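Participant: Sharing start33.txt (compact mmCIF, C-alpha atoms) below.
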# COMPACT_ATOMS: atom_id res chain seq x y z
CA MET A 1 -193.59 43.05 3.41
CA ALA A 2 -196.40 41.33 5.29
CA THR A 3 -196.75 37.59 5.09
CA THR A 4 -200.15 35.95 5.27
CA MET A 5 -200.72 32.45 6.52
CA THR A 6 -203.45 30.24 5.16
CA LEU A 7 -205.01 27.87 7.67
CA GLN A 8 -206.27 24.50 6.55
CA PRO A 9 -209.77 23.75 7.87
CA GLY A 10 -209.94 21.00 10.47
CA THR A 11 -206.34 21.39 11.60
CA GLU A 12 -205.07 22.14 15.08
CA ALA A 13 -203.72 25.51 13.88
CA ALA A 14 -207.13 26.48 12.50
CA ALA A 15 -208.85 25.46 15.75
CA LYS A 16 -206.37 27.48 17.82
CA ALA A 17 -206.82 30.52 15.54
CA ALA A 18 -210.60 30.14 15.85
CA ALA A 19 -210.38 30.07 19.65
CA PHE A 20 -208.47 33.36 19.71
CA ALA A 21 -210.74 34.92 17.05
CA ILE A 22 -213.87 33.99 19.00
CA PHE A 23 -212.73 34.45 22.58
CA GLY A 24 -209.77 36.79 22.20
CA SER A 25 -207.26 36.66 25.00
CA ASP A 26 -210.10 36.21 27.47
CA ILE A 27 -210.03 32.42 27.41
CA PRO A 28 -211.18 31.06 30.77
CA PRO A 29 -208.94 28.70 32.72
CA ILE A 30 -209.41 25.13 31.56
CA ASP A 31 -209.29 22.22 33.96
CA PRO A 32 -206.44 19.91 32.89
CA ASP A 33 -208.95 17.03 32.92
CA ASP A 34 -210.97 18.88 30.25
CA TYR A 35 -208.01 19.54 27.99
CA ASP A 36 -206.93 16.61 25.90
CA GLY A 37 -204.20 18.45 24.03
CA SER A 38 -206.49 19.41 21.16
CA TRP A 39 -207.84 22.91 20.57
CA ARG A 40 -210.64 21.40 18.48
CA THR A 41 -212.21 19.69 21.49
CA THR A 42 -211.21 22.48 23.86
CA LEU A 43 -213.35 25.02 21.94
CA HIS A 44 -216.42 23.23 23.30
CA VAL A 45 -215.06 23.36 26.85
CA ILE A 46 -214.38 27.10 26.53
CA ALA A 47 -217.89 27.76 25.20
CA GLU A 48 -219.45 25.74 28.03
CA GLU A 49 -217.38 27.72 30.57
CA TRP A 50 -218.58 31.01 29.09
CA VAL A 51 -222.20 29.92 29.23
CA GLY A 52 -221.74 28.57 32.77
CA GLU A 53 -220.17 31.84 33.91
CA GLY A 54 -223.07 33.81 32.45
CA ARG A 55 -220.87 35.73 30.02
CA VAL A 56 -223.21 35.17 27.08
CA GLU A 57 -226.22 36.42 29.07
CA ARG A 58 -224.28 39.46 30.29
CA HIS A 59 -223.23 40.24 26.73
CA ALA A 60 -226.86 40.03 25.58
CA ALA A 61 -227.92 42.42 28.36
CA ARG A 62 -225.06 44.84 27.59
CA THR A 63 -225.97 44.79 23.89
CA ALA A 64 -229.67 45.35 24.61
CA THR A 65 -228.76 48.41 26.69
CA ALA A 66 -226.52 49.75 23.90
CA ILE A 67 -229.33 49.27 21.36
CA ASN A 68 -231.75 51.22 23.57
CA ASP A 69 -229.14 53.95 24.06
CA LEU A 70 -228.73 54.22 20.28
CA LEU A 71 -232.49 54.41 19.74
CA ASN A 72 -232.74 57.18 22.35
CA THR A 73 -229.83 59.03 20.73
CA GLU A 74 -231.58 58.82 17.36
CA LYS A 75 -234.76 60.27 18.91
CA LEU A 76 -232.81 63.12 20.51
CA PHE A 77 -230.42 64.03 17.69
CA GLY A 78 -231.96 62.37 14.63
CA VAL A 79 -231.09 59.34 12.57
CA GLY A 80 -227.83 59.98 10.74
CA SER A 81 -226.66 62.62 13.21
CA PRO A 82 -222.99 62.48 14.25
CA GLU A 83 -224.10 61.30 17.70
CA ALA A 84 -226.23 58.49 16.27
CA LEU A 85 -223.48 57.46 13.85
CA ALA A 86 -221.00 57.27 16.74
CA GLY A 87 -223.49 55.16 18.70
CA GLY A 88 -223.93 52.83 15.74
CA THR A 89 -220.19 52.47 15.36
CA ALA A 90 -219.85 51.60 19.06
CA LEU A 91 -222.68 49.06 18.74
CA LYS A 92 -221.20 47.14 15.80
CA PRO A 93 -218.63 45.08 17.77
CA LEU A 94 -221.33 44.11 20.27
CA ILE A 95 -223.60 42.92 17.45
CA ASP A 96 -220.70 41.04 15.86
CA LYS A 97 -220.12 39.18 19.15
CA CYS A 98 -223.85 38.41 19.33
CA ARG A 99 -223.54 36.64 15.99
CA ILE A 100 -220.55 34.67 17.26
CA TYR A 101 -222.34 33.69 20.48
CA GLY A 102 -225.58 32.85 18.69
CA ILE A 103 -227.54 35.59 20.48
CA THR A 104 -230.76 36.21 18.55
CA THR A 105 -233.03 39.22 18.20
CA ASP A 106 -235.50 37.47 20.50
CA ASP A 107 -232.74 37.05 23.10
CA LEU A 108 -232.00 40.77 22.89
CA ARG A 109 -235.70 41.59 23.27
CA ARG A 110 -235.84 39.31 26.31
CA HIS A 111 -233.04 41.45 27.78
CA GLY A 112 -235.06 44.61 27.17
CA ALA A 113 -233.96 45.79 23.72
CA GLN A 114 -236.74 47.94 22.26
CA LEU A 115 -236.47 46.46 18.78
CA PRO A 116 -239.43 46.72 16.42
CA THR A 117 -241.20 43.47 15.64
CA SER A 118 -241.49 42.43 12.03
Could you express the structure from this file as structure tokens?
Facilitator:
Amino acid sequence: MATTMTLQPGTEAAAKAAAFAIFGSDIPPIDPDDYDGSWRTTLHVIAEEWVGEGRVERHAARTATAINDLLNTEKLFGVGSPEALAGGTALKPLIDKCRIYGITTDDLRRHGAQLPTS
């Protein structure tokens, strides 16, 4: 029987769970001077490291390329084709991470995504 744990907002356990949900196991090394023993303040340090390392920009570029690949697949095989559906499924986690990182449609366009304008 599976046990579920409820995290209380604003607690250290919730902050630690959020860090792993957002960054996965790919948390960059943190300078001991930047870590005060609290995951709540460390989340900001991790995010700054990711921005400083260019990870957010690289993710935006990778996602823009995947979007263009999907659009090309849809042109070749048709919207709703098995190939296009597979491409859409592969794109979903990238889009989910864009939401987490705060990457906007304009950011994706800036990285070359051929998205229609509204």
Participant: If you count all atoms listed in the file, which residues fall within 10 Å of Val56 (chain A), apart from same-chain ones fewer than 4 positions away, as an MDAnalysis selection string?
Facilitator: chainID A and resid 47 50:52 60:62 97:98 101:103
Participant: Give me the residues near Leu85 (chain A) as a PyMOL selection string, where near means some atom within 10 Å (using only C-alpha atoms) and where sequence neighbours in that chain fewer than 6 positions away do not count.
Facilitator: chain A and resi 70+73-74+78-79+91
Participant: Nearest to Ile95 (chain A) among A:Lys75, A:Leu108, A:Val45, A:Asp69, with distances taken over only C-alpha atoms: which residue is it?
Facilitator: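 When distances to Ile95 (chain A) are compared using only C-alpha atoms, the smallest one comes from A:Leu108.
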Participant: Hey, what's within 9 Å of region 63-66 of chain A if we count only C-alpha atoms and toss same-chain stuff fewer than 6 positions away? As a ChimeraX atom specification, please?
Facilitator: /A:87,90-91,94-95,98,107-114
Participant: Between CA of Glu53 (chain A) and CA of Ala21 (chain A), measure the distance and give it in Å to one decimal.
Facilitator: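 Answer for the CA of Glu53 (chain A) to CA of Ala21 (chain A) separation: 19.6 Å.
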Participant: Calculated over only C-alpha atoms, which of the candidates A:Glu48, A:Ile67, A:Arg55, A:Ala18 has the smallest distance to Leu115 (chain A)?
Facilitator: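 Residue with the minimum atom-to-atom distance to Leu115 (chain A): A:Ile67.
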Participant: For the atom pair CA of Thr89 (chain A) and CA of Phe77 (chain A), what is the interatomic distance in Å to one decimal place?
Facilitator: 15.6 Å
Participant: One number please: CA of Glu49 (chain A) to CA of Thr104 (chain A), in Å, one decimal.
Facilitator: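 Between CA of Glu49 (chain A) and CA of Thr104 (chain A) the gap works out to 19.9 Å.
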